[in-house]
$ cat upload08.txt   # compact mmCIF, C-alpha atoms
# COMPACT_ATOMS: atom_id res chain seq x y z
CA MET X 1150 107.62 123.99 124.75
CA MET X 1151 103.96 123.85 123.69
CA TYR X 1152 104.87 121.37 120.96
CA LYS X 1153 106.50 119.07 123.51
CA ILE X 1154 103.52 119.33 125.86
CA ILE X 1155 101.16 118.39 123.02
CA GLN X 1156 103.42 115.49 122.09
CA GLY X 1157 103.62 114.44 125.74
CA SER X 1158 99.84 114.46 126.13
CA LYS X 1159 99.45 112.38 122.95
CA THR X 1160 102.05 109.94 124.30
CA LEU X 1161 100.20 109.71 127.61
CA THR X 1162 96.92 109.01 125.81
CA SER X 1163 98.57 106.18 123.86
CA LEU X 1164 100.06 104.83 127.09
CA ILE X 1165 96.62 104.73 128.71
CA LYS X 1166 95.21 102.90 125.67
CA ASN X 1167 97.99 100.32 126.02
CA LYS X 1168 97.16 99.85 129.69
CA LEU X 1169 93.54 99.26 128.69
CA GLY X 1170 94.64 96.49 126.37
CA ILE X 1171 94.51 98.46 123.11
CA ILE X 1172 97.95 97.93 121.56
CA THR X 1173 99.18 101.38 120.55
CA PRO X 1174 102.80 101.70 119.40
CA ILE X 1175 104.27 105.01 120.58
CA LEU X 1176 107.76 104.73 119.12
CA VAL X 1177 108.32 103.91 115.44
CA GLN X 1178 111.79 102.64 114.52
CA LEU X 1179 112.09 103.30 110.79
CA LYS X 1180 114.91 101.63 108.89
CA PRO X 1181 114.51 103.01 105.36
CA THR X 1182 117.71 101.31 104.17
CA PHE X 1183 120.34 98.85 105.34
CA ARG X 1184 122.89 100.25 102.89
CA CYS X 1185 125.84 101.74 104.73
CA ASN X 1186 129.11 103.52 103.98
CA MET X 1187 130.90 102.05 107.00
CA LYS X 1188 132.03 98.55 107.97
CA CYS X 1189 131.74 98.50 111.74
CA PRO X 1190 132.96 95.16 113.13
CA TYR X 1191 130.21 94.97 115.77
CA CYS X 1192 127.38 95.35 113.22
CA SER X 1193 126.25 92.74 110.70
CA VAL X 1194 124.02 95.03 108.64
CA HIS X 1195 126.72 95.80 106.08
CA VAL X 1196 127.41 92.07 105.68
CA HIS X 1197 123.93 90.53 105.76
CA GLY X 1198 121.42 93.36 105.64
CA THR X 1199 121.96 94.57 102.09
CA LYS X 1200 121.86 90.99 100.78
CA ILE X 1201 118.37 90.56 102.19
CA TYR X 1202 117.19 94.13 101.54
CA PRO X 1203 119.06 95.52 98.50
CA GLU X 1204 118.10 98.96 97.22
CA LYS X 1205 115.70 97.53 94.65
CA LYS X 1206 113.67 95.91 97.47
CA GLU X 1207 113.36 99.06 99.56
CA ALA X 1208 109.90 100.55 99.99
CA THR X 1209 109.04 103.64 97.95
CA THR X 1210 108.66 107.14 99.36
CA SER X 1211 104.87 106.99 99.14
CA GLU X 1212 104.77 103.58 100.84
CA PHE X 1213 106.75 104.96 103.77
CA TYR X 1214 104.47 108.03 103.84
CA ASN X 1215 101.42 105.80 104.17
CA LEU X 1216 102.98 103.68 106.91
CA LEU X 1217 104.13 106.69 108.93
CA GLU X 1218 100.73 108.34 108.64
CA LYS X 1219 99.05 105.12 109.72
CA TYR X 1220 101.09 104.94 112.92
CA SER X 1221 100.83 108.67 113.64
CA ASN X 1222 97.04 108.53 113.32
CA ASN X 1223 97.03 105.57 115.70
CA GLY X 1224 98.90 107.46 118.45
CA ALA X 1225 102.61 107.10 117.70
CA THR X 1226 104.53 110.27 118.61
CA ILE X 1227 108.25 109.47 118.29
CA LEU X 1228 110.02 108.49 115.09
CA ASN X 1229 113.56 107.10 115.29
CA ILE X 1230 115.11 106.88 111.81
CA THR X 1231 118.10 104.60 111.62
CA GLY X 1232 119.59 101.98 109.30
CA GLY X 1233 122.06 101.34 107.69
CA GLU X 1234 122.87 104.93 106.84
CA PRO X 1235 119.59 106.84 106.28
CA LEU X 1236 121.32 109.65 104.37
CA LEU X 1237 121.94 107.19 101.53
CA ARG X 1238 118.20 107.34 100.75
CA LYS X 1239 117.68 109.84 97.93
CA ASP X 1240 114.33 110.82 99.45
CA ILE X 1241 115.54 111.30 103.03
CA VAL X 1242 114.68 115.01 103.13
CA GLU X 1243 111.16 114.27 101.90
CA LEU X 1244 110.74 111.51 104.50
CA LEU X 1245 111.93 113.80 107.29
CA LYS X 1246 109.77 116.70 106.16
CA TYR X 1247 106.66 114.53 105.89
CA SER X 1248 107.30 112.92 109.29
CA LYS X 1249 107.51 116.31 110.92
CA LYS X 1250 104.42 117.52 109.07
CA ILE X 1251 102.25 114.69 110.45
CA GLY X 1252 103.34 115.36 114.02
CA PHE X 1253 106.27 113.10 114.84
CA TYR X 1254 109.13 114.05 117.13
CA VAL X 1255 111.89 113.12 114.69
CA ILE X 1256 115.24 111.57 115.67
CA LEU X 1257 117.74 110.92 112.89
CA ASN X 1258 120.66 108.53 113.43
CA THR X 1259 123.64 108.91 111.11
CA ASP X 1260 127.36 108.19 110.93
CA GLY X 1261 127.78 111.88 110.06
CA ILE X 1262 129.93 111.48 106.95
CA LEU X 1263 127.35 112.83 104.49
CA LEU X 1264 125.86 115.51 106.74
CA ASN X 1265 127.61 118.39 105.01
CA ASN X 1266 125.49 117.67 101.93
CA PHE X 1267 122.32 118.38 103.91
CA LEU X 1268 123.01 120.98 106.60
CA ASP X 1269 122.54 123.95 104.24
CA ASN X 1270 119.05 122.66 103.43
CA ASN X 1271 116.63 124.41 105.80
CA GLU X 1272 113.93 121.80 105.16
CA PHE X 1273 116.33 119.12 106.38
CA VAL X 1274 117.42 121.08 109.45
CA ASN X 1275 113.90 122.15 110.42
CA SER X 1276 112.58 118.60 110.15
CA ILE X 1277 114.91 117.15 112.79
CA ASP X 1278 114.30 117.37 116.53
CA LYS X 1279 117.36 115.36 117.51
CA LEU X 1280 120.39 114.30 115.52
CA ARG X 1281 122.28 111.26 116.81
CA ILE X 1282 125.77 110.93 115.34
CA SER X 1283 128.07 107.93 115.73
CA LEU X 1284 131.61 108.66 116.92
CA ASP X 1285 133.61 105.98 118.68
CA SER X 1286 137.05 107.39 119.42
CA PRO X 1287 139.11 110.60 119.31
CA THR X 1288 142.09 108.57 118.03
CA ILE X 1289 141.02 105.37 116.24
CA HIS X 1290 137.49 106.11 115.01
CA ASP X 1291 138.35 105.40 111.36
CA LYS X 1292 140.04 102.13 112.28
CA ILE X 1293 137.06 101.00 114.35
CA ARG X 1294 134.54 101.94 111.66
CA GLY X 1295 136.47 100.52 108.73
CA THR X 1296 136.83 103.87 106.97
CA LYS X 1297 139.57 106.35 106.09
CA ASN X 1298 139.81 110.09 106.76
CA THR X 1299 136.29 110.45 108.15
CA PHE X 1300 136.90 111.60 111.74
CA ASP X 1301 137.73 115.21 110.86
CA LYS X 1302 134.86 115.36 108.40
CA ILE X 1303 132.39 114.12 111.02
CA THR X 1304 133.56 116.52 113.74
CA LYS X 1305 133.35 119.43 111.29
CA ASN X 1306 129.81 118.39 110.44
CA ILE X 1307 128.91 118.25 114.14
CA LYS X 1308 130.21 121.79 114.60
CA LYS X 1309 128.20 122.94 111.61
CA ALA X 1310 125.05 121.23 112.91
CA ARG X 1311 125.42 122.94 116.29
CA LYS X 1312 125.86 126.31 114.57
CA LYS X 1313 122.56 125.57 112.87
CA LYS X 1314 121.09 125.03 116.37
CA VAL X 1315 120.48 121.33 115.72
CA ASP X 1316 120.27 119.28 118.93
CA VAL X 1317 123.15 116.79 118.61
CA THR X 1318 123.81 113.68 120.69
CA ILE X 1319 126.97 111.73 119.94
CA ASN X 1320 126.59 107.99 120.39
CA SER X 1321 129.79 106.07 121.11
CA VAL X 1322 129.85 102.28 121.00
CA ILE X 1323 132.30 101.01 123.60
CA PHE X 1324 134.30 97.79 123.61
CA LYS X 1325 137.81 96.77 124.66
CA ASP X 1326 139.64 98.89 122.08
CA ASN X 1327 138.14 102.22 123.19
CA PHE X 1328 137.08 101.54 126.78
CA HIS X 1329 139.96 103.66 128.07
CA GLU X 1330 138.79 106.61 125.94
CA MET X 1331 135.36 107.15 127.49
CA GLU X 1332 136.39 110.29 129.34
CA SER X 1333 138.17 111.61 126.25
CA LEU X 1334 134.95 111.09 124.31
CA CYS X 1335 133.01 113.07 126.92
CA LYS X 1336 135.55 115.88 126.65
CA LEU X 1337 135.33 115.80 122.86
CA ALA X 1338 131.53 115.97 122.96
CA LYS X 1339 131.71 118.90 125.38
CA LYS X 1340 134.14 120.67 123.05
CA LEU X 1341 131.69 120.06 120.20
CA ASP X 1342 128.84 121.48 122.34
CA SER X 1343 127.01 118.16 122.14
CA LYS X 1344 125.48 115.58 124.43
CA ILE X 1345 126.88 112.06 124.43
CA THR X 1346 125.77 108.52 125.24
CA LEU X 1347 128.19 105.65 125.83
CA THR X 1348 126.85 102.25 124.80
CA PRO X 1349 128.62 98.90 125.18
CA ALA X 1350 128.77 96.80 122.00
CA ASN X 1351 125.84 94.40 122.09
CA TYR X 1352 126.30 90.78 123.04
CA TYR X 1353 124.33 89.86 119.94
CA GLU X 1354 124.86 91.30 116.50
CA PHE X 1355 121.93 93.06 114.90
CA THR X 1356 120.25 90.00 113.43
CA VAL X 1357 118.49 90.59 110.13
CA SER X 1358 117.57 86.94 109.72
CA SER X 1359 116.90 83.95 111.95
CA LYS X 1360 120.17 82.35 110.78
CA LYS X 1361 122.30 84.92 112.61
CA GLU X 1362 121.97 84.06 116.29
CA ASN X 1363 125.57 83.73 117.40
CA PRO X 1364 127.04 86.00 120.08
CA THR X 1365 129.67 88.43 118.83
CA LYS X 1366 133.25 88.64 119.99
CA PHE X 1367 132.60 92.15 121.28
CA ASN X 1368 131.05 91.18 124.59
CA ASN X 1369 134.48 91.85 126.07
CA ILE X 1370 133.97 94.61 128.64
CA ASN X 1371 132.73 93.93 132.12
CA ARG X 1372 129.28 95.49 132.46
CA GLU X 1373 129.66 96.28 136.17
CA LEU X 1374 132.95 98.05 135.48
CA PHE X 1375 131.43 99.93 132.53
CA VAL X 1376 128.44 101.10 134.57
CA LYS X 1377 130.61 102.17 137.50
CA LYS X 1378 132.83 104.19 135.16
CA VAL X 1379 129.92 105.86 133.34
CA LYS X 1380 128.13 106.79 136.58
CA LYS X 1381 131.35 108.39 137.80
CA LEU X 1382 131.74 110.32 134.54
CA LYS X 1383 128.11 111.49 134.73
CA LYS X 1384 128.95 113.42 137.89
CA GLU X 1385 131.61 115.43 136.08
CA TYR X 1386 130.21 115.66 132.55
CA LYS X 1387 126.66 116.99 132.43
CA ASN X 1388 126.59 116.37 128.68
CA LEU X 1389 126.80 112.60 129.34
CA VAL X 1390 123.13 111.64 129.18
CA ASN X 1391 123.06 107.88 129.79
CA THR X 1392 120.05 107.29 132.02
CA ASN X 1393 120.58 105.48 135.31
CA GLN X 1394 117.70 103.23 134.32
CA HIS X 1395 119.56 101.97 131.27
CA LEU X 1396 122.83 101.64 133.17
CA ASP X 1397 121.13 99.50 135.80
CA HIS X 1398 119.52 97.47 133.03
CA LEU X 1399 122.96 96.54 131.70
CA ILE X 1400 123.63 94.74 134.97
CA ASN X 1401 120.15 93.36 135.67
CA LYS X 1402 119.05 92.74 132.07
CA GLU X 1403 117.95 89.13 132.50
CA GLN X 1404 115.39 90.11 135.11
CA SER X 1405 114.05 93.20 133.34
CA ASN X 1406 113.97 91.50 129.93
CA LYS X 1407 111.46 88.98 131.21
CA LYS X 1408 109.01 91.90 131.47
CA CYS X 1409 109.76 93.16 127.97
CA ASP X 1410 106.61 94.27 126.16
CA ALA X 1411 108.35 96.30 123.48
CA LEU X 1412 106.14 94.87 120.74
CA SER X 1413 103.14 96.71 122.22
CA TYR X 1414 104.93 100.05 122.36
CA VAL X 1415 107.51 99.94 119.57
CA ALA X 1416 106.99 99.28 115.85
CA THR X 1417 110.08 98.52 113.76
CA ILE X 1418 109.63 99.08 110.04
CA LEU X 1419 112.18 97.36 107.82
CA PRO X 1420 113.55 98.69 104.50
CA ASP X 1421 110.91 96.78 102.54
CA GLY X 1422 108.13 98.45 104.54
CA LYS X 1423 107.28 95.37 106.61
CA LEU X 1424 106.93 95.17 110.39
CA ALA X 1425 109.80 93.34 112.12
CA LEU X 1426 108.90 90.55 114.53
CA PRO X 1427 109.56 90.46 117.37
CA CYS X 1428 111.77 93.58 117.42
CA GLU X 1429 114.60 95.48 115.75
CA ILE X 1430 117.30 93.51 117.54
CA TYR X 1431 116.12 90.10 116.40
CA VAL X 1432 114.18 89.97 113.14
CA LYS X 1433 112.81 86.46 113.07
CA GLU X 1434 109.92 87.23 110.71
CA SER X 1435 108.01 90.19 109.34
CA ILE X 1436 104.43 91.16 108.50
CA ASP X 1437 103.40 93.04 105.37
CA ILE X 1438 101.49 95.93 106.93
CA ARG X 1439 101.02 98.17 103.92
CA GLU X 1440 97.39 97.14 103.32
CA LYS X 1441 96.43 96.49 106.94
CA SER X 1442 95.17 98.70 109.76
CA ILE X 1443 97.02 98.78 113.10
CA LYS X 1444 94.11 96.87 114.65
CA GLU X 1445 94.33 94.15 111.98
CA ILE X 1446 98.08 93.89 112.52
CA THR X 1447 97.91 93.62 116.32
CA LYS X 1448 95.02 91.14 116.17
CA SER X 1449 96.78 88.86 113.70
CA GLU X 1450 97.79 85.40 114.91
CA LYS X 1451 101.45 85.93 114.02
CA PHE X 1452 101.66 89.21 115.97
CA ILE X 1453 99.95 87.71 119.03
CA GLN X 1454 102.28 84.70 119.02
CA TYR X 1455 105.37 86.91 118.96
CA LYS X 1456 103.95 89.16 121.65
CA LYS X 1457 103.71 86.08 123.87
CA LYS X 1458 107.35 85.18 123.09
CA THR X 1459 108.79 88.64 123.71
CA GLY X 1460 111.26 88.51 126.59
CA LYS X 1461 111.36 84.73 126.58
CA ILE X 1462 113.37 83.76 123.49
CA LEU X 1463 117.14 83.23 123.50
CA VAL X 1464 118.15 86.64 122.18
CA CYS X 1465 116.00 88.43 124.78
CA LYS X 1466 118.09 87.01 127.61
CA GLU X 1467 121.13 89.12 126.76
CA CYS X 1468 119.38 92.06 125.05
CA GLU X 1469 120.65 95.48 126.15
CA SER X 1470 118.54 97.64 123.86
CA ARG X 1471 116.75 100.69 125.25
CA CYS X 1472 113.48 99.62 123.62
CA VAL X 1473 113.18 96.97 126.35
CA LEU X 1474 112.98 99.80 128.84
CA PHE X 1475 110.72 102.05 126.79
CA PRO X 1476 107.36 100.90 128.22
CA GLN X 1477 108.82 100.66 131.72
CA THR X 1478 110.13 104.21 131.34
CA LEU X 1479 106.69 105.47 130.38
CA LEU X 1480 105.07 103.81 133.37
CA ASN X 1481 107.04 106.06 135.73
CA PHE X 1482 105.58 109.59 136.07
CA ARG X 1483 108.99 111.23 136.63
CA ASN X 1484 110.29 109.52 133.49
CA ILE X 1485 107.30 110.81 131.52
CA LEU X 1486 108.14 114.36 132.60
CA ASP X 1487 111.78 113.80 131.59
CA LEU X 1488 110.62 112.47 128.23
CA ILE X 1489 108.37 115.50 127.65
CA PHE X 1490 110.97 118.10 128.56
CA ASN X 1491 114.23 116.45 127.50
CA TRP X 1492 113.33 113.64 125.05
CA ASN X 1493 116.45 111.86 126.24
CA LEU X 1494 116.21 108.78 124.00
$ encode --input "upload08.txt" --output "structure tokens"
Amino acid sequence: MMYKIIQGSKTLTSLIKNKLGIITPILVQLKPTFRCNMKCPYCSVHVHGTKIYPEKKEATTSEFYNLLEKYSNNGATILNITGGEPLLRKDIVELLKYSKKIGFYVILNTDGILLNNFLDNNEFVNSIDKLRISLDSPTIHDKIRGTKNTFDKITKNIKKARKKKVDVTINSVIFKDNFHEMESLCKLAKKLDSKITLTPANYYEFTVSSKKENPTKFNNINRELFVKKVKKLKKEYKNLVNTNQHLDHLINKEQSNKKCDALSYVATILPDGKLALPCEIYVKESIDIREKSIKEITKSEKFIQYKKKTGKILVCKECESRCVLFPQTLLNFRNILDLIFNWNL
């Protein structure tokens, strides 16, 4: 509890600095690799990401250390490690351990296939505050994810993680093929003693270059119907932790996205160690930040130009990412308390 209070106070200090006009990222989205062992149809990383950022172009362990320390010293408190599949990095345990050492609240996102190779490592387990595991269906998960014989392996790994007292949240991406299984997913998560979030497949693919701006074919579930169903499920399944704020955002996204100031609060670090501009959803350009201070980065002409564009470019119109809501969440005192005590991200 004391650790969370300290983290909360550091977050609040960074929030105040932002309100005073001193850009202070609080959340770091680290993407140490775009390599992946799945072929999810609603994600373009496995198609385009590794062509742009192959393993040989990924930043080194020490380069990531320096970047993480830079942001931690500047006031960042939350580290969300995603990808690609982060467990494909040979140095993932070292990255996790170092992140925890310098004070981050560490969230690791994984597809769960390789977890069994790490869960007996106490350094790995003790360096994670929250483990987010992708699981899309009790019946057709492998079909959705383009894999074979992984569902049982993943559920066994979730059980093992919970026995190790790791805080697990299952994240299920919902589209037409598994919309009818949302309650079954909640039941499965409950059986696995885990929390769960239900997220509709994004209207836009994760775009790792400016050439990939086309809407996907997975914008095929009615958002109003989805939100109504999830709010109903929340009443019965306490392990379903979608926030009402995000659910409302799915319906009113165009209005809330106009206020998006994610670039002030969220720093997305790409596999090559560069800062994504304007955000993780739409990587139009990047800045090499390895030899620059946070002040130099945020005062640069390129950064300022993208900060002005945030919320106004084409992709922003349909964006459903939670990072849009991150600063707005922090500006509400009740949400700050929820963040401190539950870290429901």
$ closest_residue --input "upload08.txt" --among "X:Val1379, X:Cys1192, X:Leu1374, X:Val1274" --to "Leu1347 (chain X)" --atoms "only C-alpha atoms"
X:Val1379
$ residues_around --input "upload08.txt" --residues "Asp1437 (chain X)" --least-positions-apart "6" --cutoff "10 Å" --atoms "only C-alpha atoms" --output "list in words"
Ile1418, Asp1421, Gly1422, Lys1423, Leu1424, Ala1425 and Ile1446 of chain X
$ atom_distance --input "upload08.txt" --atom1 "CA of Val1390 (chain X)" --atom2 "CA of Leu1280 (chain X)"
14.2 Å
$ atom_distance --input "upload08.txt" --atom1 "CA of His1329 (chain X)" --atom2 "CA of Tyr1191 (chain X)"
17.9 Å
$ atom_distance --input "upload08.txt" --atom1 "CA of Ser1449 (chain X)" --atom2 "CA of Val1432 (chain X)"
17.4 Å
$ closest_residue --input "upload08.txt" --among "X:Ala1411, X:Ile1430, X:Ile1436, X:Ile1400" --to "Glu1373 (chain X)" --atoms "only C-alpha atoms"
X:Ile1400
$ residues_around --input "upload08.txt" --residues "Leu1245 (chain X)" --least-positions-apart "5" --cutoff "10 Å" --atoms "all atoms listed in the file" --output "PDB file with C-alpha atoms, in the frame of the given file"
ATOM      1  CA  LEU X1228     110.020 108.490 115.090  1.00  0.00           C
ATOM      2  CA  ILE X1230     115.110 106.880 111.810  1.00  0.00           C
ATOM      3  CA  ASP X1240     114.330 110.820  99.450  1.00  0.00           C
ATOM      4  CA  LYS X1250     104.420 117.520 109.070  1.00  0.00           C
ATOM      5  CA  PHE X1253     106.270 113.100 114.840  1.00  0.00           C
ATOM      6  CA  VAL X1255     111.890 113.120 114.690  1.00  0.00           C
ATOM      7  CA  ILE X1256     115.240 111.570 115.670  1.00  0.00           C
ATOM      8  CA  LEU X1257     117.740 110.920 112.890  1.00  0.00           C
ATOM      9  CA  GLU X1272     113.930 121.800 105.160  1.00  0.00           C
ATOM     10  CA  PHE X1273     116.330 119.120 106.380  1.00  0.00           C
ATOM     11  CA  VAL X1274     117.420 121.080 109.450  1.00  0.00           C
ATOM     12  CA  ASN X1275     113.900 122.150 110.420  1.00  0.00           C
ATOM     13  CA  SER X1276     112.580 118.600 110.150  1.00  0.00           C
ATOM     14  CA  ILE X1277     114.910 117.150 112.790  1.00  0.00           C
TER      15      ILE X1277
END
$ residues_around --input "upload08.txt" --residues "Gly1224 (chain X)" --least-positions-apart "4" --cutoff "7 Å" --atoms "only C-alpha atoms" --output "VMD selection string"
chain X and resid 1159 1163 1173 1175 1220
$ residues_around --input "upload08.txt" --residues "Glu1218 (chain X)" --least-positions-apart "3" --cutoff "12 Å" --atoms "only C-alpha atoms" --output "PyMOL selection string"
chain X and resi 1177+1211-1215+1221-1226+1228+1244+1247-1253+1439+1442-1443
$ closest_residue --input "upload08.txt" --among "X:Ser1333, X:Thr1304, X:Asn1265, X:Ser1193" --to "Leu1382 (chain X)" --atoms "all atoms listed in the file"
X:Ser1333
$ residues_near_point --input "upload08.txt" --point "(117.1, 105.9, 113.1)" --cutoff "7 Å" --atoms "only C-alpha atoms" --output "list of chain:residue names"
X:Gln1178, X:Leu1179, X:Lys1180, X:Asn1229, X:Ile1230, X:Thr1231, X:Gly1232, X:Ile1256, X:Leu1257, X:Asn1258
$ residues_around --input "upload08.txt" --residues "Lys1381 (chain X)" --least-positions-apart "5" --cutoff "12 Å" --atoms "only C-alpha atoms" --output "list of chain:residue names"
X:Met1331, X:Glu1332, X:Cys1335, X:Leu1374, X:Phe1375, X:Val1376, X:Tyr1386, X:Lys1387, X:Leu1389, X:Asn1391, X:Asn1393, X:Leu1396
$ closest_residue --input "upload08.txt" --among "X:Lys1168, X:Lys1344, X:Lys1433, X:Lys1297" --to "Ser1413 (chain X)" --atoms "all atoms listed in the file"
X:Lys1168
$ closest_residue --input "upload08.txt" --among "X:Lys1402, X:Arg1281, X:Thr1299, X:Pro1181" --to "Ser1343 (chain X)" --atoms "all atoms listed in the file"
X:Arg1281
$ residues_near_point --input "upload08.txt" --point "(132.8, 115.2, 112.7)" --cutoff "12 Å" --atoms "only C-alpha atoms" --output "PDB file with C-alpha atoms, keeping the file's coordinate frame"
ATOM      1  CA  THR X1259     123.640 108.910 111.110  1.00  0.00           C
ATOM      2  CA  ASP X1260     127.360 108.190 110.930  1.00  0.00           C
ATOM      3  CA  GLY X1261     127.780 111.880 110.060  1.00  0.00           C
ATOM      4  CA  ILE X1262     129.930 111.480 106.950  1.00  0.00           C
ATOM      5  CA  LEU X1263     127.350 112.830 104.490  1.00  0.00           C
ATOM      6  CA  LEU X1264     125.860 115.510 106.740  1.00  0.00           C
ATOM      7  CA  ASN X1265     127.610 118.390 105.010  1.00  0.00           C
ATOM      8  CA  ARG X1281     122.280 111.260 116.810  1.00  0.00           C
ATOM      9  CA  ILE X1282     125.770 110.930 115.340  1.00  0.00           C
ATOM     10  CA  SER X1283     128.070 107.930 115.730  1.00  0.00           C
ATOM     11  CA  LEU X1284     131.610 108.660 116.920  1.00  0.00           C
ATOM     12  CA  ASP X1285     133.610 105.980 118.680  1.00  0.00           C
ATOM     13  CA  SER X1286     137.050 107.390 119.420  1.00  0.00           C
ATOM     14  CA  PRO X1287     139.110 110.600 119.310  1.00  0.00           C
ATOM     15  CA  HIS X1290     137.490 106.110 115.010  1.00  0.00           C
ATOM     16  CA  ASP X1291     138.350 105.400 111.360  1.00  0.00           C
ATOM     17  CA  ASN X1298     139.810 110.090 106.760  1.00  0.00           C
ATOM     18  CA  THR X1299     136.290 110.450 108.150  1.00  0.00           C
ATOM     19  CA  PHE X1300     136.900 111.600 111.740  1.00  0.00           C
ATOM     20  CA  ASP X1301     137.730 115.210 110.860  1.00  0.00           C
ATOM     21  CA  LYS X1302     134.860 115.360 108.400  1.00  0.00           C
ATOM     22  CA  ILE X1303     132.390 114.120 111.020  1.00  0.00           C
ATOM     23  CA  THR X1304     133.560 116.520 113.740  1.00  0.00           C
ATOM     24  CA  LYS X1305     133.350 119.430 111.290  1.00  0.00           C
ATOM     25  CA  ASN X1306     129.810 118.390 110.440  1.00  0.00           C
ATOM     26  CA  ILE X1307     128.910 118.250 114.140  1.00  0.00           C
ATOM     27  CA  LYS X1308     130.210 121.790 114.600  1.00  0.00           C
ATOM     28  CA  LYS X1309     128.200 122.940 111.610  1.00  0.00           C
ATOM     29  CA  ALA X1310     125.050 121.230 112.910  1.00  0.00           C
ATOM     30  CA  ARG X1311     125.420 122.940 116.290  1.00  0.00           C
ATOM     31  CA  VAL X1317     123.150 116.790 118.610  1.00  0.00           C
ATOM     32  CA  ILE X1319     126.970 111.730 119.940  1.00  0.00           C
ATOM     33  CA  LEU X1337     135.330 115.800 122.860  1.00  0.00           C
ATOM     34  CA  ALA X1338     131.530 115.970 122.960  1.00  0.00           C
ATOM     35  CA  LYS X1340     134.140 120.670 123.050  1.00  0.00           C
ATOM     36  CA  LEU X1341     131.690 120.060 120.200  1.00  0.00           C
ATOM     37  CA  SER X1343     127.010 118.160 122.140  1.00  0.00           C
TER      38      SER X1343
END
$ closest_residue --input "upload08.txt" --among "X:Asn1406, X:Gln1454, X:Thr1417, X:Thr1288" --to "Lys1466 (chain X)" --atoms "all atoms listed in the file"
X:Asn1406
$ build_atoms --input "upload08.txt" --residues "region 1191-1195 of chain X" --atoms "all heavy atoms" --output "mmCIF file, in the coordinates of the input"
data_model
loop_
_atom_site.group_PDB
_atom_site.id
_atom_site.type_symbol
_atom_site.label_atom_id
_atom_site.label_comp_id
_atom_site.auth_asym_id
_atom_site.auth_seq_id
_atom_site.Cartn_x
_atom_site.Cartn_y
_atom_site.Cartn_z
ATOM 1 N N TYR X 1191 131.218 95.457 114.830
ATOM 2 C CA TYR X 1191 130.210 94.970 115.770
ATOM 3 C C TYR X 1191 128.807 95.004 115.167
ATOM 4 O O TYR X 1191 127.818 94.796 115.863
ATOM 5 C CB TYR X 1191 130.228 95.797 117.067
ATOM 6 C CG TYR X 1191 130.327 97.282 116.844
ATOM 7 C CD1 TYR X 1191 129.234 98.010 116.407
ATOM 8 C CD2 TYR X 1191 131.525 97.953 117.060
ATOM 9 C CE1 TYR X 1191 129.334 99.363 116.180
ATOM 10 C CE2 TYR X 1191 131.642 99.307 116.834
ATOM 11 C CZ TYR X 1191 130.526 100.009 116.395
ATOM 12 O OH TYR X 1191 130.630 101.357 116.171
ATOM 13 N N CYS X 1192 128.688 95.264 113.879
ATOM 14 C CA CYS X 1192 127.380 95.350 113.220
ATOM 15 C C CYS X 1192 127.379 94.455 112.005
ATOM 16 O O CYS X 1192 128.323 94.473 111.203
ATOM 17 C CB CYS X 1192 127.091 96.792 112.827
ATOM 18 S SG CYS X 1192 125.578 97.002 111.865
ATOM 19 N N SER X 1193 126.317 93.665 111.836
ATOM 20 C CA SER X 1193 126.250 92.740 110.700
ATOM 21 C C SER X 1193 125.428 93.281 109.544
ATOM 22 O O SER X 1193 125.266 92.613 108.531
ATOM 23 C CB SER X 1193 125.658 91.401 111.158
ATOM 24 O OG SER X 1193 124.303 91.569 111.524
ATOM 25 N N VAL X 1194 124.887 94.490 109.685
ATOM 26 C CA VAL X 1194 124.020 95.030 108.640
ATOM 27 C C VAL X 1194 124.744 95.133 107.309
ATOM 28 O O VAL X 1194 124.215 94.777 106.255
ATOM 29 C CB VAL X 1194 123.462 96.408 109.067
ATOM 30 C CG1 VAL X 1194 122.863 97.135 107.870
ATOM 31 C CG2 VAL X 1194 122.403 96.230 110.140
ATOM 32 N N HIS X 1195 125.997 95.615 107.344
ATOM 33 C CA HIS X 1195 126.720 95.800 106.080
ATOM 34 C C HIS X 1195 127.087 94.470 105.430
ATOM 35 O O HIS X 1195 127.379 94.412 104.241
ATOM 36 C CB HIS X 1195 127.975 96.652 106.306
ATOM 37 C CG HIS X 1195 129.031 95.984 107.138
ATOM 38 N ND1 HIS X 1195 128.943 95.938 108.504
ATOM 39 C CD2 HIS X 1195 130.172 95.330 106.808
ATOM 40 C CE1 HIS X 1195 130.002 95.292 108.984
ATOM 41 N NE2 HIS X 1195 130.755 94.917 107.969
#
